[in-house]
>>> print(open('final.pdb').read())   # PDB, C-alpha atoms and all ligand atoms
MODEL        1
ATOM      1  CA  MET A   1      77.930 115.758 109.644
ATOM      2  CA  LEU A   2      77.365 116.121 113.372
ATOM      3  CA  GLU A   3      77.491 112.671 114.967
ATOM      4  CA  TYR A   4      75.447 111.846 118.048
ATOM      5  CA  ASP A   5      73.637 108.806 119.337
ATOM      6  CA  TYR A   6      70.325 109.274 117.547
ATOM      7  CA  ASP A   7      69.761 105.487 117.607
ATOM      8  CA  LYS A   8      69.288 105.768 121.346
ATOM      9  CA  HIS A   9      65.895 107.397 120.818
ATOM     10  CA  GLU A  10      64.565 105.078 118.130
ATOM     11  CA  VAL A  11      62.193 102.167 118.656
ATOM     12  CA  ALA A  12      63.422 100.291 115.573
ATOM     13  CA  LYS A  13      67.192  99.832 115.511
ATOM     14  CA  ARG A  14      69.153 100.612 112.365
ATOM     15  CA  TYR A  15      71.358  97.902 110.900
ATOM     16  CA  VAL A  16      74.997  98.896 111.415
ATOM     17  CA  ASN A  17      75.933  98.378 107.773
ATOM     18  CA  ASN A  18      73.183 100.589 106.358
ATOM     19  CA  PRO A  19      72.529 101.335 103.595
ATOM     20  CA  ILE A  20      72.137  97.741 102.410
ATOM     21  CA  ILE A  21      71.504  98.673  98.765
ATOM     22  CA  THR A  22      73.031 101.643  96.981
ATOM     23  CA  PRO A  23      72.680 102.782  93.350
ATOM     24  CA  ASP A  24      76.144 101.454  92.434
ATOM     25  CA  MET A  25      74.895  97.881  93.049
ATOM     26  CA  ILE A  26      72.396  98.160  90.166
ATOM     27  CA  PRO A  27      73.654  96.552  86.940
ATOM     28  CA  GLU A  28      72.392  99.445  84.805
ATOM     29  CA  ARG A  29      73.009 103.167  85.079
ATOM     30  CA  CYS A  30      70.522 104.677  87.497
ATOM     31  CA  ASN A  31      69.859 107.620  89.772
ATOM     32  CA  THR A  32      68.562 106.169  93.057
ATOM     33  CA  VAL A  33      67.199 103.016  94.748
ATOM     34  CA  PHE A  34      64.486 103.061  97.394
ATOM     35  CA  ASN A  35      61.082 101.829  98.651
ATOM     36  CA  ALA A  36      61.262  98.044  98.321
ATOM     37  CA  GLY A  37      58.564  95.413  98.752
ATOM     38  CA  ALA A  38      59.826  92.492 100.868
ATOM     39  CA  ILE A  39      58.895  88.827 101.208
ATOM     40  CA  LYS A  40      60.367  85.417 102.004
ATOM     41  CA  TYR A  41      60.503  83.127  98.947
ATOM     42  CA  GLY A  42      61.655  79.635  99.920
ATOM     43  CA  ASP A  43      64.923  80.175 101.750
ATOM     44  CA  GLU A  44      65.496  83.522 100.040
ATOM     45  CA  TYR A  45      64.696  87.030 101.135
ATOM     46  CA  ILE A  46      63.349  88.920  98.152
ATOM     47  CA  LEU A  47      63.242  92.672  97.868
ATOM     48  CA  LEU A  48      61.449  94.205  94.926
ATOM     49  CA  ILE A  49      63.291  97.472  94.735
ATOM     50  CA  ARG A  50      62.317 100.701  93.080
ATOM     51  CA  VAL A  51      65.121 101.947  90.872
ATOM     52  CA  GLU A  52      64.836 105.436  89.469
ATOM     53  CA  MET A  53      66.635 105.471  86.145
ATOM     54  CA  LEU A  54      68.618 108.453  84.869
ATOM     55  CA  GLU A  55      65.796 109.321  82.450
ATOM     56  CA  ASN A  56      63.609 109.863  85.571
ATOM     57  CA  PHE A  57      61.137 106.937  85.428
ATOM     58  CA  SER A  58      61.229 104.126  87.997
ATOM     59  CA  GLN A  59      61.128 100.370  87.445
ATOM     60  CA  LEU A  60      61.328  97.362  89.751
ATOM     61  CA  TYR A  61      64.308  95.010  90.177
ATOM     62  CA  VAL A  62      64.570  91.883  92.292
ATOM     63  CA  ALA A  63      67.247  91.767  95.008
ATOM     64  CA  ARG A  64      67.969  88.375  96.598
ATOM     65  CA  SER A  65      69.629  87.337  99.833
ATOM     66  CA  LYS A  66      70.039  84.242 101.984
ATOM     67  CA  THR A  67      70.444  86.271 105.172
ATOM     68  CA  GLY A  68      68.235  89.342 104.795
ATOM     69  CA  TYR A  69      71.277  91.603 105.132
ATOM     70  CA  ASP A  70      73.395  91.269 101.995
ATOM     71  CA  PHE A  71      71.613  91.390  98.664
ATOM     72  CA  LYS A  72      72.459  90.695  95.012
ATOM     73  CA  ILE A  73      70.455  92.374  92.284
ATOM     74  CA  ASP A  74      69.091  90.577  89.192
ATOM     75  CA  GLU A  75      70.538  91.706  85.860
ATOM     76  CA  LYS A  76      67.244  92.954  84.393
ATOM     77  CA  PRO A  77      64.164  94.584  85.950
ATOM     78  CA  LEU A  78      61.302  92.226  86.849
ATOM     79  CA  ILE A  79      58.611  94.836  86.177
ATOM     80  CA  PHE A  80      59.071  97.817  83.891
ATOM     81  CA  PRO A  81      56.593 100.340  82.480
ATOM     82  CA  SER A  82      54.670  98.709  79.603
ATOM     83  CA  LYS A  83      55.385 100.311  76.244
ATOM     84  CA  THR A  84      52.436  98.670  74.482
ATOM     85  CA  GLY A  85      49.137  97.118  75.503
ATOM     86  CA  PRO A  86      46.199  98.407  77.518
ATOM     87  CA  PHE A  87      48.168  99.435  80.632
ATOM     88  CA  ALA A  88      50.947 101.403  78.897
ATOM     89  CA  GLN A  89      49.119 104.724  79.069
ATOM     90  CA  TYR A  90      48.790 104.462  82.858
ATOM     91  CA  GLU A  91      52.447 103.791  83.613
ATOM     92  CA  ASN A  92      54.523 105.597  81.037
ATOM     93  CA  LEU A  93      56.004 107.884  83.702
ATOM     94  CA  GLY A  94      57.151 104.920  85.773
ATOM     95  CA  ILE A  95      56.168 102.286  88.286
ATOM     96  CA  GLU A  96      56.917 102.769  91.961
ATOM     97  CA  ASP A  97      56.675 101.585  95.570
ATOM     98  CA  PRO A  98      55.708  97.880  95.269
ATOM     99  CA  ARG A  99      54.137  95.831  98.069
ATOM    100  CA  ILE A 100      54.091  92.026  97.925
ATOM    101  CA  THR A 101      51.364  89.773  99.379
ATOM    102  CA  LYS A 102      51.525  85.990  99.147
ATOM    103  CA  MET A 103      48.234  84.149  98.746
ATOM    104  CA  GLY A 104      47.923  80.625  97.430
ATOM    105  CA  ARG A 105      50.496  79.995  94.722
ATOM    106  CA  TYR A 106      50.802  83.654  93.785
ATOM    107  CA  TYR A 107      52.753  86.632  95.012
ATOM    108  CA  TYR A 108      50.539  89.649  94.336
ATOM    109  CA  ILE A 109      52.284  92.947  93.769
ATOM    110  CA  THR A 110      50.530  96.286  94.165
ATOM    111  CA  TYR A 111      52.458  99.238  92.790
ATOM    112  CA  THR A 112      52.005 102.889  91.945
ATOM    113  CA  ALA A 113      51.630 103.436  88.212
ATOM    114  CA  TYR A 114      52.503 106.962  87.116
ATOM    115  CA  SER A 115      51.206 108.771  84.056
ATOM    116  CA  ARG A 116      49.840 112.154  83.063
ATOM    117  CA  TYR A 117      46.590 110.981  84.687
ATOM    118  CA  ASP A 118      48.324 111.049  88.100
ATOM    119  CA  PRO A 119      49.333 108.068  90.236
ATOM    120  CA  LEU A 120      47.031 105.093  90.625
ATOM    121  CA  VAL A 121      47.332 101.579  92.040
ATOM    122  CA  SER A 122      48.057  98.689  89.690
ATOM    123  CA  LEU A 123      48.202  94.953  90.356
ATOM    124  CA  ALA A 124      50.554  92.256  89.060
ATOM    125  CA  ARG A 125      51.290  88.690  90.107
ATOM    126  CA  THR A 126      54.124  86.216  89.905
ATOM    127  CA  LYS A 127      54.764  82.662  91.048
ATOM    128  CA  ASP A 128      58.537  82.724  90.843
ATOM    129  CA  PHE A 129      59.887  86.308  90.643
ATOM    130  CA  VAL A 130      61.038  85.515  87.102
ATOM    131  CA  LYS A 131      57.837  85.915  85.094
ATOM    132  CA  VAL A 132      55.160  88.479  85.871
ATOM    133  CA  GLU A 133      51.581  88.924  84.752
ATOM    134  CA  LYS A 134      50.162  92.448  84.921
ATOM    135  CA  LEU A 135      46.497  92.609  85.893
ATOM    136  CA  GLY A 136      46.110  96.380  85.457
ATOM    137  CA  PRO A 137      44.764  99.334  87.465
ATOM    138  CA  ILE A 138      42.713  98.589  90.578
ATOM    139  CA  SER A 139      41.994 102.201  91.507
ATOM    140  CA  LEU A 140      41.260 105.577  90.067
ATOM    141  CA  PRO A 141      43.852 108.343  90.384
ATOM    142  CA  SER A 142      45.044 109.840  92.600
ATOM    143  CA  ASN A 143      45.793 106.839  94.780
ATOM    144  CA  LYS A 144      48.931 105.229  96.267
ATOM    145  CA  ASP A 145      50.213 103.142  99.164
ATOM    146  CA  CYS A 146      48.012 100.092  98.634
ATOM    147  CA  VAL A 147      48.602  96.944 100.709
ATOM    148  CA  ILE A 148      46.543  93.765 100.406
ATOM    149  CA  PHE A 149      46.104  91.667 103.561
ATOM    150  CA  PRO A 150      47.739  88.218 103.230
ATOM    151  CA  GLU A 151      44.507  86.276 103.746
ATOM    152  CA  LYS A 152      40.787  86.640 103.189
ATOM    153  CA  ILE A 153      38.867  87.905 106.222
ATOM    154  CA  ASN A 154      35.213  86.929 106.562
ATOM    155  CA  GLY A 155      35.354  85.609 103.006
ATOM    156  CA  LYS A 156      36.703  88.788 101.400
ATOM    157  CA  TYR A 157      40.041  90.105 100.242
ATOM    158  CA  ILE A 158      40.852  93.329 102.066
ATOM    159  CA  ARG A 159      43.172  96.178 101.234
ATOM    160  CA  ILE A 160      44.267  99.513 102.607
ATOM    161  CA  ASP A 161      44.811 102.316 100.121
ATOM    162  CA  ARG A 162      45.342 106.044 100.188
ATOM    163  CA  PRO A 163      43.113 108.043  97.846
ATOM    164  CA  MET A 164      44.322 111.608  97.734
ATOM    165  CA  SER A 165      42.473 114.872  97.296
ATOM    166  CA  ALA A 166      43.966 118.335  97.223
ATOM    167  CA  TYR A 167      43.867 118.588 101.004
ATOM    168  CA  LYS A 168      43.464 115.099 102.432
ATOM    169  CA  ALA A 169      45.537 111.920 102.491
ATOM    170  CA  ASN A 170      43.709 109.326 104.581
ATOM    171  CA  MET A 171      43.953 105.547 104.760
ATOM    172  CA  TRP A 172      40.853 103.625 103.627
ATOM    173  CA  LEU A 173      39.804  99.976 103.716
ATOM    174  CA  SER A 174      37.987  98.231 100.906
ATOM    175  CA  TYR A 175      36.852  94.702 100.128
ATOM    176  CA  SER A 176      36.847  92.420  97.095
ATOM    177  CA  ASN A 177      35.847  88.939  95.962
ATOM    178  CA  ASP A 178      38.451  88.689  93.220
ATOM    179  CA  LEU A 179      41.221  91.300  93.903
ATOM    180  CA  LYS A 180      40.065  93.224  90.815
ATOM    181  CA  TYR A 181      36.793  94.890  91.794
ATOM    182  CA  TRP A 182      36.836  96.694  95.140
ATOM    183  CA  GLY A 183      34.082  98.334  97.158
ATOM    184  CA  ASP A 184      32.341  98.767 100.521
ATOM    185  CA  TYR A 185      34.858 101.542 101.266
ATOM    186  CA  LYS A 186      35.483 102.502 104.876
ATOM    187  CA  ILE A 187      37.680 105.214 106.326
ATOM    188  CA  LEU A 188      40.389 103.537 108.412
ATOM    189  CA  MET A 189      42.468 106.397 109.790
ATOM    190  CA  THR A 190      43.414 110.004 109.262
ATOM    191  CA  PRO A 191      46.435 112.179 110.096
ATOM    192  CA  ARG A 192      46.408 113.394 113.695
ATOM    193  CA  TRP A 193      46.763 117.080 114.207
ATOM    194  CA  GLY A 194      49.303 117.846 116.927
ATOM    195  CA  LYS A 195      51.005 114.441 116.785
ATOM    196  CA  TRP A 196      53.978 113.021 114.863
ATOM    197  CA  ASP A 197      51.742 112.158 111.867
ATOM    198  CA  PRO A 198      49.785 115.421 111.446
ATOM    199  CA  ASP A 199      49.568 116.041 107.705
ATOM    200  CA  ARG A 200      49.584 112.882 105.594
ATOM    201  CA  ILE A 201      49.635 109.149 106.233
ATOM    202  CA  GLY A 202      49.833 106.031 104.071
ATOM    203  CA  ALA A 203      50.169 102.281 104.489
ATOM    204  CA  GLY A 204      53.709 100.971 104.492
ATOM    205  CA  ALA A 205      54.360  97.254 104.842
ATOM    206  CA  VAL A 206      51.786  94.544 104.144
ATOM    207  CA  PRO A 207      49.963  93.923 107.464
ATOM    208  CA  ILE A 208      51.669  91.382 109.724
ATOM    209  CA  LYS A 209      49.402  88.879 111.488
ATOM    210  CA  THR A 210      49.971  88.514 115.247
ATOM    211  CA  PRO A 211      47.780  86.830 117.886
ATOM    212  CA  TYR A 212      46.786  90.336 119.058
ATOM    213  CA  GLY A 213      45.843  91.854 115.730
ATOM    214  CA  TRP A 214      47.146  92.966 112.366
ATOM    215  CA  LEU A 215      50.236  95.076 112.783
ATOM    216  CA  GLU A 216      50.498  97.728 110.106
ATOM    217  CA  ILE A 217      53.662  99.811 109.797
ATOM    218  CA  TYR A 218      52.725 103.076 108.114
ATOM    219  CA  HIS A 219      54.294 106.432 107.300
ATOM    220  CA  GLY A 220      53.274 109.782 108.679
ATOM    221  CA  VAL A 221      54.305 113.131 107.286
ATOM    222  CA  LYS A 222      54.789 116.448 109.004
ATOM    223  CA  SER A 223      54.864 119.377 106.599
ATOM    224  CA  THR A 224      57.470 122.020 107.328
ATOM    225  CA  SER A 225      58.665 125.167 105.637
ATOM    226  CA  ARG A 226      61.355 122.983 103.998
ATOM    227  CA  GLY A 227      59.153 120.105 102.851
ATOM    228  CA  GLY A 228      57.757 117.017 104.543
ATOM    229  CA  ILE A 229      59.439 114.925 107.235
ATOM    230  CA  TYR A 230      58.529 111.247 106.658
ATOM    231  CA  LYS A 231      58.513 109.005 109.744
ATOM    232  CA  LEU A 232      57.321 105.458 110.428
ATOM    233  CA  GLY A 233      54.820 104.360 113.047
ATOM    234  CA  ALA A 234      52.496 101.424 113.677
ATOM    235  CA  VAL A 235      48.826 100.679 114.146
ATOM    236  CA  LEU A 236      47.177  97.493 115.444
ATOM    237  CA  LEU A 237      43.966  96.403 113.710
ATOM    238  CA  ASP A 238      41.432  93.869 114.930
ATOM    239  CA  LEU A 239      41.998  90.406 113.414
ATOM    240  CA  GLU A 240      38.371  89.767 112.422
ATOM    241  CA  HIS A 241      37.321  93.376 111.843
ATOM    242  CA  PRO A 242      40.403  95.242 110.616
ATOM    243  CA  GLU A 243      38.413  98.468 110.311
ATOM    244  CA  LYS A 244      38.594  98.524 114.127
ATOM    245  CA  ILE A 245      41.748 100.195 115.469
ATOM    246  CA  LEU A 246      43.044  98.635 118.688
ATOM    247  CA  GLY A 247      45.918 101.057 119.116
ATOM    248  CA  ARG A 248      48.192 103.443 117.257
ATOM    249  CA  THR A 249      51.653 104.552 118.309
ATOM    250  CA  ASN A 250      51.847 107.992 119.863
ATOM    251  CA  ILE A 251      55.499 108.164 118.885
ATOM    252  CA  PRO A 252      57.186 107.211 115.625
ATOM    253  CA  ILE A 253      59.165 103.974 115.512
ATOM    254  CA  LEU A 254      61.769 105.393 113.129
ATOM    255  CA  THR A 255      62.620 108.991 112.275
ATOM    256  CA  PRO A 256      65.046 110.323 109.639
ATOM    257  CA  LYS A 257      68.256 111.109 111.488
ATOM    258  CA  ALA A 258      71.142 109.205 109.883
ATOM    259  CA  GLU A 259      73.171 110.899 107.170
ATOM    260  CA  TYR A 260      71.749 108.563 104.489
ATOM    261  CA  GLU A 261      68.205 109.503 105.580
ATOM    262  CA  ARG A 262      68.964 113.198 105.404
ATOM    263  CA  ILE A 263      71.277 113.571 102.443
ATOM    264  CA  GLY A 264      69.844 112.267  99.212
ATOM    265  CA  ASP A 265      67.375 113.295  96.518
ATOM    266  CA  ILE A 266      64.652 114.027  99.081
ATOM    267  CA  GLU A 267      65.911 114.857 102.540
ATOM    268  CA  ASN A 268      64.324 113.645 105.793
ATOM    269  CA  VAL A 269      62.613 110.540 104.475
ATOM    270  CA  VAL A 270      62.222 107.043 105.905
ATOM    271  CA  PHE A 271      59.552 105.185 103.933
ATOM    272  CA  THR A 272      58.694 101.486 103.996
ATOM    273  CA  CYS A 273      56.965  99.180 101.530
ATOM    274  CA  GLY A 274      57.878  95.886 103.207
ATOM    275  CA  ALA A 275      58.738  94.197 106.486
ATOM    276  CA  ILE A 276      59.480  90.555 107.262
ATOM    277  CA  LEU A 277      58.387  88.744 110.423
ATOM    278  CA  GLU A 278      60.952  86.210 111.640
ATOM    279  CA  LYS A 279      60.274  83.047 113.650
ATOM    280  CA  ASP A 280      61.546  84.700 116.851
ATOM    281  CA  ASN A 281      58.991  87.530 116.362
ATOM    282  CA  SER A 282      61.637  90.028 115.339
ATOM    283  CA  ILE A 283      60.715  92.206 112.374
ATOM    284  CA  LYS A 284      63.020  93.370 109.624
ATOM    285  CA  ILE A 285      61.764  96.675 108.272
ATOM    286  CA  TYR A 286      63.214  97.490 104.865
ATOM    287  CA  TYR A 287      62.965 101.169 104.111
ATOM    288  CA  GLY A 288      63.890 103.794 101.581
ATOM    289  CA  ALA A 289      66.171 106.499 102.963
ATOM    290  CA  SER A 290      66.064 110.010 101.473
ATOM    291  CA  ASP A 291      64.576 108.489  98.277
ATOM    292  CA  SER A 292      68.131 107.365  97.449
ATOM    293  CA  PHE A 293      69.110 104.181  99.361
ATOM    294  CA  ILE A 294      67.607 101.025 100.813
ATOM    295  CA  CYS A 295      68.150 100.417 104.511
ATOM    296  CA  LEU A 296      67.136  98.025 107.257
ATOM    297  CA  ALA A 297      65.913  98.572 110.809
ATOM    298  CA  GLU A 298      64.892  95.859 113.251
ATOM    299  CA  THR A 299      62.331  95.606 116.013
ATOM    300  CA  ASP A 300      59.879  92.966 117.248
ATOM    301  CA  THR A 301      56.153  92.379 117.495
ATOM    302  CA  GLU A 302      55.947  92.752 121.274
ATOM    303  CA  THR A 303      57.596  96.182 121.239
ATOM    304  CA  LEU A 304      55.298  97.465 118.506
ATOM    305  CA  ILE A 305      52.113  95.982 119.958
ATOM    306  CA  ASN A 306      52.868  97.465 123.386
ATOM    307  CA  LEU A 307      53.488 100.864 121.817
ATOM    308  CA  CYS A 308      50.226 100.647 119.882
ATOM    309  CA  TYR A 309      48.301  99.917 123.081
ATOM    310  CA  GLU A 310      50.069 102.764 124.900
ATOM    311  CA  GLY A 311      49.009 105.027 122.072
ATOM    312  CA  ASN A 312      45.370 104.076 122.444
ATOM    313  CA  ASN A 313      44.994 106.386 125.394
ATOM    314  CA  GLY A 314      41.876 108.330 124.729
ATOM    315  CA  ASN A 315      43.434 110.778 122.308
ATOM    316  CA  GLY A 316      41.410 109.165 119.554
ATOM    317  CA  ASN A 317      42.441 107.144 116.586
ATOM    318  CA  GLY A 318      42.583 110.132 114.352
ATOM    319  CA  LYS A 319      39.186 109.702 112.713
ATOM    320  CA  ASN A 320      38.726 113.427 112.840
TER
HETATM  321  C1  LIG A 401      55.724 109.753  98.671
HETATM  322  C2  LIG A 401      55.960 108.666  97.644
HETATM  323  C3  LIG A 401      57.261 107.930  97.902
HETATM  324  C4  LIG A 401      58.390 108.825  98.321
HETATM  325  C5  LIG A 401      57.943 109.813  99.375
HETATM  326  C6  LIG A 401      59.043 110.762  99.824
HETATM  327  O1  LIG A 401      54.665 110.570  98.263
HETATM  328  O2  LIG A 401      55.975 109.231  96.382
HETATM  329  O3  LIG A 401      57.612 107.232  96.731
HETATM  330  O4  LIG A 401      59.422 108.023  98.838
HETATM  331  O5  LIG A 401      56.843 110.543  98.880
HETATM  332  O6  LIG A 401      59.512 111.549  98.779
ENDMDL
END
>>> encode(input="final.pdb", output="structure tokens", more="lines below")
Ligand code: BMA
Amino acid sequence: MLEYDYDKHEVAKRYVNNPIITPDMIPERCNTVFNAGAIKYGDEYILLIRVEMLENFSQLYVARSKTGYDFKIDEKPLIFPSKTGPFAQYENLGIEDPRITKMGRYYYITYTAYSRYDPLVSLARTKDFVKVEKLGPISLPSNKDCVIFPEKINGKYIRIDRPMSAYKANMWLSYSNDLKYWGDYKILMTPRWGKWDPDRIGAGAVPIKTPYGWLEIYHGVKSTSRGGIYKLGAVLLDLEHPEKILGRTNIPILTPKAEYERIGDIENVVFTCGAILEKDNSIKIYYGASDSFICLAETDTETLINLCYEGNNGNGNGKN
């Protein structure tokens, strides 16, 4: 492959030893690993990784690390598609793309449940990443890319999700008293024609709280004659009224350029489900590369917030 300094142009910097997780690290036979939820648990970094098995369905394994760079994978999946019980019919084609939000004693996990009814968002929770309780679907199909904010705002739980129609993939906000029943839907943002995120968008990592607003790292897709190109960008949402956009990056913060982002099951994909804020305000973005590997890129809150403000330059927030 042609080598050149593509890193030079990126906002988020790739970790030199990418990919950090490859299919051969999984204790069972599998096809690919990608799209991991990420959270700190005590002194451990936890990734909840999507593993696509050879049969074609995905399930979720825990990867653990003391440093955030080198991970070991648990022997058995933490969450797998139910075979029996009320939720089995909604996830018998697999469970995908988890996001983890800590609130109180629980780590809440939103994931995409796949079935012949199309993808929908399901909720589970764990206290210890050993035992999991499934709480079931929290959306109708077709819906994906759901992140729950890590605290109540004005007395309500808040989430971003991405209901999908034949032509539109927009990000919406909704509100809940109990994480189960959601309503008061509001459009948050849409793809922006003529920009880097023109065709489809969806939430990525769980929103990160900063003094300036909620920082949401999301993906934007440009459709091409050879399929979509998935890039990452960021948006800054008002702390008290997250339906208010303070700024949105006019350029992506990571684009698929490295060999592992281009050569895999789906080419030209960087896709995140989790990022971790460190004490020094650096951010570790864990991302799926070409739907085949898990990688890491690093940036910091100041860089992203400045870019969001630069993006808020009168070109609109994409509510078109
Ligand atoms: C999206 C999701 C992701 C996937 C991405 C790129 O629609 O299904 O799981 O990584 O497409 O293929």
>>> residues_near_ligand(input="final.pdb", ligand="ligand LIG 401 (chain A)", cutoff="7 Å", atoms="only C-alpha atoms and all ligand atoms", output="list in words")
Asn35, Glu96, Asp97, Tyr230, Ile266, Val269, Phe271, Gly288 and Asp291 of chain A
>>> atom_distance(input="final.pdb", atom1="CA of Cys273 in chain A", atom2="CA of Ile208 in chain A")
12.5 Å
>>> residues_around(input="final.pdb", residues="Ile158 in chain A", least_positions_apart="4", cutoff="12 Å", atoms="all atoms listed in the file", output="ChimeraX atom specification")
/A:101,146-154,172-186,206-207,239-243
>>> residues_around(input="final.pdb", residues="Ile73 in chain A", least_positions_apart="2", cutoff="12 Å", atoms="all atoms listed in the file", output="mmCIF file with C-alpha atoms, in the frame of the given file")
data_model
loop_
_atom_site.group_PDB
_atom_site.id
_atom_site.type_symbol
_atom_site.label_atom_id
_atom_site.label_comp_id
_atom_site.auth_asym_id
_atom_site.auth_seq_id
_atom_site.Cartn_x
_atom_site.Cartn_y
_atom_site.Cartn_z
ATOM 1 C CA ILE A 20 72.137 97.741 102.410
ATOM 2 C CA ILE A 21 71.504 98.673 98.765
ATOM 3 C CA THR A 22 73.031 101.643 96.981
ATOM 4 C CA PRO A 23 72.680 102.782 93.350
ATOM 5 C CA ASP A 24 76.144 101.454 92.434
ATOM 6 C CA MET A 25 74.895 97.881 93.049
ATOM 7 C CA ILE A 26 72.396 98.160 90.166
ATOM 8 C CA PRO A 27 73.654 96.552 86.940
ATOM 9 C CA GLU A 28 72.392 99.445 84.805
ATOM 10 C CA VAL A 33 67.199 103.016 94.748
ATOM 11 C CA TYR A 45 64.696 87.030 101.135
ATOM 12 C CA ILE A 46 63.349 88.920 98.152
ATOM 13 C CA LEU A 47 63.242 92.672 97.868
ATOM 14 C CA LEU A 48 61.449 94.205 94.926
ATOM 15 C CA ILE A 49 63.291 97.472 94.735
ATOM 16 C CA ARG A 50 62.317 100.701 93.080
ATOM 17 C CA VAL A 51 65.121 101.947 90.872
ATOM 18 C CA LEU A 60 61.328 97.362 89.751
ATOM 19 C CA TYR A 61 64.308 95.010 90.177
ATOM 20 C CA VAL A 62 64.570 91.883 92.292
ATOM 21 C CA ALA A 63 67.247 91.767 95.008
ATOM 22 C CA ARG A 64 67.969 88.375 96.598
ATOM 23 C CA SER A 65 69.629 87.337 99.833
ATOM 24 C CA ASP A 70 73.395 91.269 101.995
ATOM 25 C CA PHE A 71 71.613 91.390 98.664
ATOM 26 C CA GLU A 75 70.538 91.706 85.860
ATOM 27 C CA LYS A 76 67.244 92.954 84.393
ATOM 28 C CA PRO A 77 64.164 94.584 85.950
ATOM 29 C CA LEU A 78 61.302 92.226 86.849
#
>>> closest_residue(input="final.pdb", among="A:Glu52, A:Asp128, A:Glu261, A:Asp145", to="Cys295 in chain A", atoms="only C-alpha atoms")
A:Glu261
>>> resolve_selection(input="final.pdb", expression="the PyMOL selection byres (((chain A and resi 79-84) around 8) and not hetatm)", output="MDAnalysis selection string")
chainID A and resid 58:61 77:78 85:88 91:95 132
>>> write_last_selection(input="final.pdb", atoms="C-alpha atoms", output="compact mmCIF listing (two decimals), in the coordinates of the input")
# COMPACT_ATOMS: atom_id res chain seq x y z
CA SER A 58 61.23 104.13 88.00
CA GLN A 59 61.13 100.37 87.44
CA LEU A 60 61.33 97.36 89.75
CA TYR A 61 64.31 95.01 90.18
CA PRO A 77 64.16 94.58 85.95
CA LEU A 78 61.30 92.23 86.85
CA GLY A 85 49.14 97.12 75.50
CA PRO A 86 46.20 98.41 77.52
CA PHE A 87 48.17 99.44 80.63
CA ALA A 88 50.95 101.40 78.90
CA GLU A 91 52.45 103.79 83.61
CA ASN A 92 54.52 105.60 81.04
CA LEU A 93 56.00 107.88 83.70
CA GLY A 94 57.15 104.92 85.77
CA ILE A 95 56.17 102.29 88.29
CA VAL A 132 55.16 88.48 85.87
>>> atom_distance(input="final.pdb", atom1="CA of Asn18 in chain A", atom2="CA of Ile294 in chain A")
7.9 Å
>>> residues_around(input="final.pdb", residues="Pro119 in chain A", least_positions_apart="5", cutoff="8 Å", atoms="only C-alpha atoms", output="PDB file with C-alpha atoms, in the frame of the given file")
ATOM      1  CA  THR A 112      52.005 102.889  91.945  1.00  0.00           C
ATOM      2  CA  ALA A 113      51.630 103.436  88.212  1.00  0.00           C
ATOM      3  CA  TYR A 114      52.503 106.962  87.116  1.00  0.00           C
ATOM      4  CA  PRO A 141      43.852 108.343  90.384  1.00  0.00           C
ATOM      5  CA  SER A 142      45.044 109.840  92.600  1.00  0.00           C
ATOM      6  CA  ASN A 143      45.793 106.839  94.780  1.00  0.00           C
ATOM      7  CA  LYS A 144      48.931 105.229  96.267  1.00  0.00           C
TER       8      LYS A 144
END
>>> closest_residue(input="final.pdb", among="A:Asp280, A:Asn268, A:Ile138, A:Asn170", to="Thr224 in chain A", atoms="only C-alpha atoms")
A:Asn268
>>> residues_around(input="final.pdb", residues="Ala205 in chain A", least_positions_apart="2", cutoff="6 Å", atoms="all atoms listed in the file", output="ChimeraX atom specification")
/A:217,273-275
>>> atom_distance(input="final.pdb", atom1="CA of Glu44 in chain A", atom2="CA of Ala297 in chain A")
18.5 Å
>>> closest_residue(input="final.pdb", among="A:Asp74, A:Glu259, A:Glu55, A:Asp161", to="Thr110 in chain A", atoms="all atoms listed in the file")
A:Asp161
>>> resolve_selection(input="final.pdb", expression="the PyMOL selection byres (((chain A and resi 281) around 10) and not hetatm)", output="number ranges by chain")
A: 210, 276-280, 282-284, 299-302
>>> closest_residue(input="final.pdb", among="A:Trp214, A:Tyr117, A:Tyr108, A:Tyr260", to="Ala289 in chain A", atoms="all atoms listed in the file")
A:Tyr260
>>> resolve_selection(input="final.pdb", expression="the PyMOL selection byres (((chain A and resi 7) around 12) and not hetatm)", output="ChimeraX atom specification")
/A:3-6,8-16,253-258,297-298
>>> closest_residue(input="final.pdb", among="A:Thr249, A:Thr190, A:Asn17, A:Asn56", to="Leu307 in chain A", atoms="all atoms listed in the file")
A:Thr249
>>> decode(input="final.pdb", residues="range 231-246 of chain A", atoms="C-alpha atoms", output="PDB file, in the first residue's frame")
ATOM      1  CA  LYS A 231     -15.639   9.651   9.214  1.00  0.00           C
ATOM      2  CA  LEU A 232     -15.723  11.013  12.765  1.00  0.00           C
ATOM      3  CA  GLY A 233     -16.504  14.561  13.826  1.00  0.00           C
ATOM      4  CA  ALA A 234     -17.709  16.377  16.936  1.00  0.00           C
ATOM      5  CA  VAL A 235     -20.555  18.567  18.095  1.00  0.00           C
ATOM      6  CA  LEU A 236     -20.821  20.666  21.270  1.00  0.00           C
ATOM      7  CA  LEU A 237     -24.212  20.722  23.002  1.00  0.00           C
ATOM      8  CA  ASP A 238     -25.402  23.134  25.667  1.00  0.00           C
ATOM      9  CA  LEU A 239     -24.976  21.725  29.194  1.00  0.00           C
ATOM     10  CA  GLU A 240     -28.472  22.605  30.439  1.00  0.00           C
ATOM     11  CA  HIS A 241     -30.304  22.392  27.114  1.00  0.00           C
ATOM     12  CA  PRO A 242     -28.519  19.752  25.033  1.00  0.00           C
ATOM     13  CA  GLU A 243     -30.976  20.246  22.173  1.00  0.00           C
ATOM     14  CA  LYS A 244     -29.083  23.512  21.583  1.00  0.00           C
ATOM     15  CA  ILE A 245     -26.026  23.107  19.340  1.00  0.00           C
ATOM     16  CA  LEU A 246     -23.142  25.411  20.267  1.00  0.00           C
TER      17      LEU A 246
END
